[in-house]
Each structure stands twice: as structure tokens, then as C-alpha cells.
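Beneath this line is the structure, given in C-alpha cells, with notes to follow.
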Number of protein chains: 2
Amino acid sequence: MKLAGTLGLIGCGHIGGSLAKAVRAAGAVGRVVGFDPAWDAEALSSFCDEIADTEGTAVAQADLVVLAVPLRGIAHAVARVAPFLKKGAVVTDVGSTKQGIVTACEAILGEQARFVGAHPLAGTERSGPMAADPKLFAGRLVFVTPTSRTDKDALALVEATWEAVGASIRHIPADLHDQIMAALSHLPHVAAYGLVGALYERGVGDLCGMGGSGFTDTTRVASTRPATWVDIFLENRAALLPLIDRLVHRITALGDAIAAGDADKLEQLLAEGKHARERILGA
Amino acid sequence: MKLAGTLGLIGCGHIGGSLAKAVRAAGAVGRVVGFDPAWDAEALSSFCDEIADTEGTAVAQADLVVLAVPLRGIAHAVARVAPFLKKGAVVTDVGSTKQGIVTACEAILGEQARFVGAHPLAGTERSGPMAADPKLFAGRLVFVTPTSRTDKDALALVEATWEAVGASIRHIPADLHDQIMAALSHLPHVAAYGLVGALYERGVGDLCGMGGSGFTDTTRVASTRPATWVDIFLENRAALLPLIDRLVHRITALGDAIAAGDADKLEQLLAEGKHARERILGA
């Protein structure tokens, strides 16, 4: 079902390209106009009907504008395209943190256009438009963070777009979103990057080719592009830093119990963690 | 090909049971005599020809004795069965650490029997004889840790037994084995248990049902039985504690760079970790 005439896509990497491919496959938009100076026209041709030379021309005809640029660039991009937006255009993003972006974008756009914050939970280990996958969002969860200022029709369009590509929607306040992501996504990345970083400091010469499935799984998220995670960690630092303190405290407690040979304390610490994991996963 | 007449199996849980099923399927042993008071006869009947009432009777006729008991029980079990072993019997284990076990078992057995330390890298999230899987070791790596005292024929029998069930063998000194396992298995478990433990301290009420694939993978190894890891952490504490210090140091450095808003430092720390991971995995 056609939801919007023209989709203006700012940022045509893995997430943006996958969304464009998916909405086209679903017949949800009439045409896609893309802008991304990082890639040549050929890379974008599989999901763009038109490739714009400027951000302004990419959004000028758009009913729905999707910002799929790196996190720290989202509010800047919204500020740059704002003067070129059609009246009534709906603007949304795919950023991994929401509070700062939603506040900034609502302030920038004011009454001029309608902003809806969104965050699809879809893998980021792959990158670039060549990796664009129209099935990326099928069965995935998309957090949508409406505020008291969010327009109902704009919210409905963003939700319908994600549902058209197979995702399911969960409404959540932006600050709660950032707290939950800090706990379930950003802190696991800190733990995984900390783990492989500790092995970097140790030296890996004798470890090459020895990693089993436990190592591979535990560190999988540390295979992501570092620049992506620099942005996320810094953007969500308020929620993340207290959790990093807890992580350091907890690992230190494990080390102390091991050093003391305190089997009872150690078993308690491990059992508490296993229990927390099972509750989080609903096991 | 038949390698041994009788296999005496002390400990008939997931690993022991899987090995017994696999050697029977491969025709590598004539019969399996099992001992494990934790399980009733019915649970063991799918892989034991005979269930012994005592450790002594389990090993009395055995050409090959496999200790598949929890780590801290291995040397104790060897001491208990030593008086009952046939002359020339080969004794081996499946423990996740090797230096302490090999030293203790060689000292206990002396010239009376022939000990070979071994450690199959196979998952431990499942447990109990009901989960015994004859294909568990197919394509897996088994570390074997011969010393200057190891008998060549005994070593050959242990290796042939593992190869008969589809595993491949790597010789490694016991101390180096423990260093590598500390880095690639035990430290990842500390990181994962530390992560879910930090979330336990935070409280998980708002996180239930929200865990995505990144969280699930990063913490998978923290779903193991806590008692297993209490044993391993304590047994390998000498190799593990310096690495836990490095892990705490590295996570603290990540937190400091995030708190300082130092994007360059943060990107360097993440890139170093990603690079170490790729070298370890041979990517």
C-alpha cells in the first residue's frame, strides 16, 4: 500500500539503503530520492529512483524524509535541510539514541515540519549500500519515541512505513529508550570492546586461530565500525557512565572472590548474573 | 576400529555421556562401564553397558579410564580409583584447566598407570546424561597436554579415541593451555557474568523481554551452570587474575574516554580491540 509519494533519504548506507529497498519492494512509496556523497551513483542505483546533488534537492519534494546518517550528524542534517522541506513533510531518523536527537530536532523544526524519532533494532556489523538488504527489518523491533508535541498523522505515517517493511513498533519515551539501550546494547558493547581491548594489551600472538564459539559470540558486537560506537557512547554518556561504573565494580568483585578463593561468594555472583539474564530474555 | 576393550567412565554427565555414546557409535570400545551416583540407572542406560556401584568396580576391568567429573573432583577421583586400576591402564580427563590436574594426577599415579591430560572444546550450556550427544565432538578441537613423563602408547590411545569421535587434536603444554584458556574462554566468561551481574545490581524490571541479538550473544556463556565456572575460575586463578586486572583497566579507560568526550582516544581503544579480535579469529 502506498503511504507516501516521495521518500527523501539522507544517508544511503546499510540502514538507509535497506529501508529504501524494503519500502520499494513493499510498494509503500512512489519514489526514493537519495543523497549520500560518500558513495557513487552506481552504489545507490539499486534503491534510489533519483540521486540528488544536495540535501536540499533530496528533500524538496519529499513527503517523508528519513535521516539515516551517523548519529552525531542527525541534528546537523535536520538543521541543514529544514529550509528546503515541503510544508507538512514528516521527518524521522534511525539513530541509536533518542533523547538528544528528539529534543534537538523538535527545536530545529518547530512548526515547520513534523519530527518523529525512531530506532530500528537491526544489526550494524555490515555497512555500506552494497550490503543493503530489503529483509533487514522483517520481524525486528522498531522503537518510536513520540512526545507531547508529536503530530498524530506524522506518527501514523512513520509507524505504517516500518510496519510495511515487516517490523513491529514499540512506543517508548525517549529517555527510557536511552536508559534501556544503555543497559542492553551500549554496555554489552563496552564489555565486548573492553574484553578484546584487554587481549590487545596482553598481546594476541599465541591466541591466533584459537578462538572458539564462546569467544566469538561474546565479542561479536566488537566487530562493528568503531566510529559508529564512538558516536553512540558519547551521545548516551549520561545513561551509560553509571552502568560502566557498575560493570567495573562487578568484575572487580568477581576478581576479589577468585583471589580470595571464596567459592560461595563466587557462586552467588554468578547465579545472580545468570538469573538476571534469564529474566531479561524471558526464559 | 576398536581401540580399547573396556572404557571405565567416572562421571556420566553431558560430556562423559556424549563421549561414551560417540565411542560406542564409532565401535572404538568393546564396552562402557559407567559410575555416577548423581544419576539413576535409566539415565545412563543409553550409553553404558554396565553401571558400577563403586568407582573401583568401574575401573577394575578398564583399559581406558575417562574422568568426566567436575574440575575440582578430578584429582580426588584419580586418587580414589588408583588402587583399583589394571596394570597398564590409561587414565585421561576432560577438565577445562590442565596444569594443576596433570601435575597432581602424574604424582598420584606414579608408575602404576599412565595419565594423559585432555580438554575437548565443546559447549557446556547443556548438562546431564539426557543431553548426551554422540556428535558433540565432531569437528571440535581437543587439547592434549603430554609431559616428559607421558607414555607414547598412552598418548596414542587417547588421541585415537578423540579422533574416532570426529575431533581434531592439538598438543600443547599444560601451562600454555591454561594461559590461552584464561584469555579466550575464562576471561570472556568473567566479562559476560560481570555484565549480567551489573544489570542484576541495576535491576532488570524495565529490561524484561527487551534483549536483542547483541545482548543475547554477548552474554550467552553466562547461561552456564555457575558451579562449573566457580571451579574453573578458582582452578585457573593464577592465569586469570592478571587478565581480570587488564579487563577492569580497559573498561575503566573506555569509561574515562567517554566521560572526557575524547572521541579520538575512544576510537583508538575500539579500533585496537576490533583489530585484536580479527587477529584472534584469523579474519
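Numbering starts fresh at 1 for the residues of each chain in the C-alpha cells, the chains themselves are lettered A, B, ... in the order given, and ligands are numbered from 1 as they appear.
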(message) Taking 6 positions as the minimum chain separation for residues in the same chain, which residues sit within 10 Å of B:Thr57 when counting only C-alpha atoms? Answer as a list in words.
(response) Gly8, Val33, Gly34, Phe35, Ile51, Val81, Phe84 and Leu85 of chain B
Go ahead and write the residues just picked, N, CA and C atoms, as a short mmCIF file (atom, residue, chain, number, x, y, z; two decimals), in the first residue's frame.
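Dumped everything to out_10.cif:
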```
data_model
loop_
_atom_site.label_atom_id
_atom_site.label_comp_id
_atom_site.auth_asym_id
_atom_site.auth_seq_id
_atom_site.Cartn_x
_atom_site.Cartn_y
_atom_site.Cartn_z
N GLY B 8 36.24 -47.34 31.19
CA GLY B 8 35.68 -47.03 32.51
C GLY B 8 35.40 -45.54 32.59
N VAL B 33 31.73 -49.18 31.04
CA VAL B 33 31.28 -49.34 32.42
C VAL B 33 31.27 -47.96 33.07
N GLY B 34 30.09 -47.52 33.47
CA GLY B 34 29.96 -46.17 33.99
C GLY B 34 29.72 -46.10 35.48
N PHE B 35 30.13 -44.99 36.09
CA PHE B 35 29.84 -44.74 37.50
C PHE B 35 29.47 -43.27 37.67
N ILE B 51 26.54 -50.51 34.71
CA ILE B 51 26.62 -49.38 35.63
C ILE B 51 27.19 -49.90 36.94
N VAL B 81 40.47 -44.02 42.68
CA VAL B 81 40.45 -45.21 41.81
C VAL B 81 41.82 -45.85 41.65
N PHE B 84 42.58 -49.49 42.31
CA PHE B 84 41.77 -50.48 41.60
C PHE B 84 42.13 -50.61 40.12
N LEU B 85 43.03 -49.78 39.64
CA LEU B 85 43.34 -49.76 38.20
C LEU B 85 44.07 -51.03 37.78
#
```
(request) Find the spatial neighbours of B:Lys2, counting only C-alpha atoms, within a cut-off of 10 Å - ignore same-chain residues fewer than 3 positions away - and output them as a VMD selection string. (result) chain B and resid 5 23 to 24 26 to 30 161 164
Restricting it to all heavy atoms, dump the selection as an mmCIF file, in the first residue's frame.
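This went into result_0.cif:
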```cif
data_model
loop_
_atom_site.group_PDB
_atom_site.id
_atom_site.type_symbol
_atom_site.label_atom_id
_atom_site.label_comp_id
_atom_site.auth_asym_id
_atom_site.auth_seq_id
_atom_site.Cartn_x
_atom_site.Cartn_y
_atom_site.Cartn_z
ATOM 1 N N GLY B 5 39.314 -52.416 24.942
ATOM 2 C CA GLY B 5 38.278 -53.384 25.299
ATOM 3 C C GLY B 5 37.196 -52.743 26.152
ATOM 4 O O GLY B 5 36.023 -52.708 25.790
ATOM 5 N N VAL B 23 31.914 -43.013 21.265
ATOM 6 C CA VAL B 23 32.869 -44.119 21.055
ATOM 7 C C VAL B 23 32.125 -45.428 20.764
ATOM 8 O O VAL B 23 32.616 -46.263 19.995
ATOM 9 C CB VAL B 23 33.851 -44.322 22.243
ATOM 10 C CG1 VAL B 23 34.795 -43.121 22.366
ATOM 11 C CG2 VAL B 23 33.138 -44.592 23.549
ATOM 12 N N ARG B 24 30.959 -45.595 21.369
ATOM 13 C CA ARG B 24 30.163 -46.779 21.034
ATOM 14 C C ARG B 24 29.696 -46.727 19.591
ATOM 15 O O ARG B 24 29.781 -47.716 18.853
ATOM 16 C CB ARG B 24 28.978 -46.910 21.978
ATOM 17 C CG ARG B 24 29.363 -47.568 23.307
ATOM 18 C CD ARG B 24 28.359 -47.357 24.408
ATOM 19 N NE ARG B 24 26.992 -47.614 24.013
ATOM 20 C CZ ARG B 24 26.158 -48.441 24.656
ATOM 21 N NH1 ARG B 24 26.597 -49.125 25.707
ATOM 22 N NH2 ARG B 24 24.930 -48.581 24.280
ATOM 23 N N ALA B 26 31.115 -45.295 17.191
ATOM 24 C CA ALA B 26 32.272 -45.474 16.304
ATOM 25 C C ALA B 26 32.867 -46.869 16.409
ATOM 26 O O ALA B 26 33.806 -47.192 15.672
ATOM 27 C CB ALA B 26 33.342 -44.424 16.649
ATOM 28 N N GLY B 27 32.351 -47.682 17.318
ATOM 29 C CA GLY B 27 32.930 -49.022 17.521
ATOM 30 C C GLY B 27 34.334 -48.971 18.094
ATOM 31 O O GLY B 27 35.125 -49.899 17.898
ATOM 32 N N ALA B 28 34.651 -47.898 18.818
ATOM 33 C CA ALA B 28 36.025 -47.711 19.290
ATOM 34 C C ALA B 28 36.324 -48.458 20.583
ATOM 35 O O ALA B 28 37.485 -48.662 20.916
ATOM 36 C CB ALA B 28 36.324 -46.217 19.462
ATOM 37 N N VAL B 29 35.270 -48.832 21.321
ATOM 38 C CA VAL B 29 35.496 -49.606 22.552
ATOM 39 C C VAL B 29 34.539 -50.796 22.592
ATOM 40 O O VAL B 29 33.449 -50.749 22.011
ATOM 41 C CB VAL B 29 35.294 -48.758 23.842
ATOM 42 C CG1 VAL B 29 36.236 -47.560 23.869
ATOM 43 C CG2 VAL B 29 33.852 -48.312 23.992
ATOM 44 N N GLY B 30 34.974 -51.834 23.311
ATOM 45 C CA GLY B 30 34.135 -53.021 23.414
ATOM 46 C C GLY B 30 32.926 -52.793 24.307
ATOM 47 O O GLY B 30 31.804 -53.157 23.971
ATOM 48 N N THR B 161 41.236 -42.168 20.366
ATOM 49 C CA THR B 161 39.864 -42.179 20.875
ATOM 50 C C THR B 161 39.140 -40.890 20.485
ATOM 51 O O THR B 161 37.996 -40.925 20.001
ATOM 52 C CB THR B 161 39.875 -42.352 22.408
ATOM 53 O OG1 THR B 161 40.551 -43.568 22.733
ATOM 54 C CG2 THR B 161 38.464 -42.376 22.965
ATOM 55 N N ALA B 164 38.490 -40.812 16.819
ATOM 56 C CA ALA B 164 37.406 -41.732 16.442
ATOM 57 C C ALA B 164 36.031 -41.074 16.562
ATOM 58 O O ALA B 164 35.090 -41.469 15.879
ATOM 59 C CB ALA B 164 37.452 -42.987 17.320
#
```
(request) Write out as a VMD selection string each polymer residue whose atoms come within 7 Å of B:Arg31, counting only C-alpha atoms; drop sequence neighbours fewer than 6 positions from it. (result) chain B and resid 5 to 7 49
Keeping all heavy atoms for every residue in the selection just given, could you write it to a file as a compact mmCIF listing (two decimals), in the first residue's frame?
```txt
# COMPACT_ATOMS: atom_id res chain seq x y z
N GLY B 5 39.31 -52.42 24.94
CA GLY B 5 38.28 -53.38 25.30
C GLY B 5 37.20 -52.74 26.15
O GLY B 5 36.02 -52.71 25.79
N THR B 6 37.61 -52.21 27.29
CA THR B 6 36.65 -51.64 28.23
C THR B 6 37.01 -50.19 28.55
O THR B 6 38.16 -49.88 28.87
CB THR B 6 36.60 -52.45 29.53
OG1 THR B 6 36.15 -53.78 29.22
CG2 THR B 6 35.66 -51.82 30.55
N LEU B 7 35.99 -49.33 28.43
CA LEU B 7 36.13 -47.94 28.85
C LEU B 7 35.48 -47.79 30.22
O LEU B 7 34.29 -48.11 30.39
CB LEU B 7 35.43 -47.01 27.84
CG LEU B 7 35.24 -45.55 28.28
CD1 LEU B 7 36.58 -44.83 28.37
CD2 LEU B 7 34.32 -44.82 27.31
N ASP B 49 27.14 -50.03 29.08
CA ASP B 49 26.81 -51.45 29.04
C ASP B 49 26.61 -51.98 30.45
O ASP B 49 25.86 -52.93 30.67
CB ASP B 49 27.95 -52.24 28.36
CG ASP B 49 28.11 -51.81 26.92
OD1 ASP B 49 27.31 -52.23 26.09
OD2 ASP B 49 29.03 -51.01 26.65
```
(request) Pick out the closest residue to chain A from this set: B:Asp217, B:Asp53, B:Asp40, B:Asp63. Count only C-alpha atoms. (result)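 Answer, going by the shortest atom-to-atom distance: B:Asp217.
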(request) as a PyMOL selection string, list the residues of stretch 22-260 of chain A assigned to helix (DSSP H, G or I) by DSSP on the backbone atoms of this structure. (result) chain A and resi 22-25+41-44+55-60+71-84+99-109+129-131+152-164+174-202+205-207+213-218+220-223+226-235+237-260
Excluding A:Ala122 and any residue of its chain fewer than 2 positions from it, enumerate the residues within 8 Å of it, using only C-alpha atoms, and give them as a compact mmCIF listing (two decimals) with C-alpha atoms, in the first residue's frame.
```txt
# COMPACT_ATOMS: atom_id res chain seq x y z
CA PRO A 120 15.13 0.10 14.37
CA THR A 124 25.13 -2.90 12.24
CA LEU A 136 16.75 -6.45 7.21
CA PHE A 137 13.79 -5.21 9.23
CA ARG A 140 12.59 -6.66 14.02
```
(request) Extract, using only C-alpha atoms, all DNA, RNA and protein residues at most 8 Å from B:Leu64, discarding same-chain residues fewer than 2 positions from it, and format them as an MDAnalysis selection string. (result) chainID B and resid 4 6:8 62 66 89:92
Can you write just those residues out, N, CA, C and O atoms, as a PDB file, in the first residue's frame?
```
ATOM      1  N   ALA B   4      40.023 -49.999  22.402  1.00  0.00           N
ATOM      2  CA  ALA B   4      40.165 -50.483  23.781  1.00  0.00           C
ATOM      3  C   ALA B   4      39.034 -51.448  24.075  1.00  0.00           C
ATOM      4  O   ALA B   4      37.925 -51.302  23.550  1.00  0.00           O
ATOM      5  N   THR B   6      37.607 -52.211  27.292  1.00  0.00           N
ATOM      6  CA  THR B   6      36.645 -51.636  28.225  1.00  0.00           C
ATOM      7  C   THR B   6      37.008 -50.191  28.547  1.00  0.00           C
ATOM      8  O   THR B   6      38.156 -49.883  28.872  1.00  0.00           O
ATOM      9  N   LEU B   7      35.992 -49.331  28.426  1.00  0.00           N
ATOM     10  CA  LEU B   7      36.132 -47.942  28.854  1.00  0.00           C
ATOM     11  C   LEU B   7      35.484 -47.793  30.221  1.00  0.00           C
ATOM     12  O   LEU B   7      34.292 -48.113  30.387  1.00  0.00           O
ATOM     13  N   GLY B   8      36.239 -47.338  31.190  1.00  0.00           N
ATOM     14  CA  GLY B   8      35.684 -47.026  32.508  1.00  0.00           C
ATOM     15  C   GLY B   8      35.402 -45.537  32.585  1.00  0.00           C
ATOM     16  O   GLY B   8      36.299 -44.719  32.414  1.00  0.00           O
ATOM     17  N   ALA B  62      38.997 -51.795  33.209  1.00  0.00           N
ATOM     18  CA  ALA B  62      39.123 -50.810  32.129  1.00  0.00           C
ATOM     19  C   ALA B  62      40.543 -50.718  31.579  1.00  0.00           C
ATOM     20  O   ALA B  62      41.513 -50.642  32.322  1.00  0.00           O
ATOM     21  N   VAL B  66      38.208 -42.718  31.750  1.00  0.00           N
ATOM     22  CA  VAL B  66      37.975 -41.295  31.473  1.00  0.00           C
ATOM     23  C   VAL B  66      37.329 -40.657  32.702  1.00  0.00           C
ATOM     24  O   VAL B  66      36.270 -41.106  33.155  1.00  0.00           O
ATOM     25  N   ALA B  89      46.748 -49.559  32.658  1.00  0.00           N
ATOM     26  CA  ALA B  89      45.563 -48.790  32.256  1.00  0.00           C
ATOM     27  C   ALA B  89      45.974 -47.359  31.896  1.00  0.00           C
ATOM     28  O   ALA B  89      46.917 -46.808  32.468  1.00  0.00           O
ATOM     29  N   VAL B  90      45.250 -46.787  30.948  1.00  0.00           N
ATOM     30  CA  VAL B  90      45.469 -45.397  30.561  1.00  0.00           C
ATOM     31  C   VAL B  90      44.350 -44.562  31.180  1.00  0.00           C
ATOM     32  O   VAL B  90      43.173 -44.916  31.062  1.00  0.00           O
ATOM     33  N   VAL B  91      44.736 -43.485  31.847  1.00  0.00           N
ATOM     34  CA  VAL B  91      43.778 -42.624  32.534  1.00  0.00           C
ATOM     35  C   VAL B  91      43.829 -41.246  31.879  1.00  0.00           C
ATOM     36  O   VAL B  91      44.911 -40.698  31.648  1.00  0.00           O
ATOM     37  N   THR B  92      42.665 -40.691  31.580  1.00  0.00           N
ATOM     38  CA  THR B  92      42.629 -39.357  30.978  1.00  0.00           C
ATOM     39  C   THR B  92      41.457 -38.581  31.569  1.00  0.00           C
ATOM     40  O   THR B  92      40.620 -39.147  32.273  1.00  0.00           O
TER      41      THR B  92
END
```
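The spacing separating atom CA of B:His186 from atom CA of A:Ser223 amounts to 20.2 Å.
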(message) Let me make sure I understand: among B:Ser18, B:Thr224, B:Thr145, B:Thr218, which one has the smallest atom-to-atom distance to chain A if we use only C-alpha atoms?
(response)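 Ranking B:Ser18, B:Thr224, B:Thr145, B:Thr218 by distance to chain A, first place goes to B:Thr218.
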(message) Applying 10 Å and only C-alpha atoms, which residues near B:Arg279 remain after dropping the ones on its own chain fewer than 5 positions away? List them as a list in words.
(response)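 Here the qualifying residues turn out to be Tyr200, Val204, Gly205, Leu207, Cys208, Gly209 and Gly211 of chain A; Gly273 and Lys274 of chain B.
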(request) Quote the spacing between atom CA of B:Lys87 and atom CA of B:Gln112 in Å to one decimal place. (result)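 Between atom CA of B:Lys87 and atom CA of B:Gln112 the gap is 6.6 Å.
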(request) Quick one: pull the distance between atom CA of A:Leu44 and atom CA of A:Gln61, Å, one decimal. (result)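 Computed distance, atom CA of A:Leu44 to atom CA of A:Gln61, equals 18.7 Å.
Take the candidates B:Ala52, B:Val142, B:Gly197, B:Leu184 and check each one against B:Ala276 using only C-alpha atoms; the shortest distance goes to B:Leu184.
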(message) Just checking: using only C-alpha atoms, which residue out of A:Val165, A:Val65, A:Ala104, A:Ala260 ends up closest to A:Ala22?
(response)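 That would be A:Val165, the residue with the smallest distance to A:Ala22.
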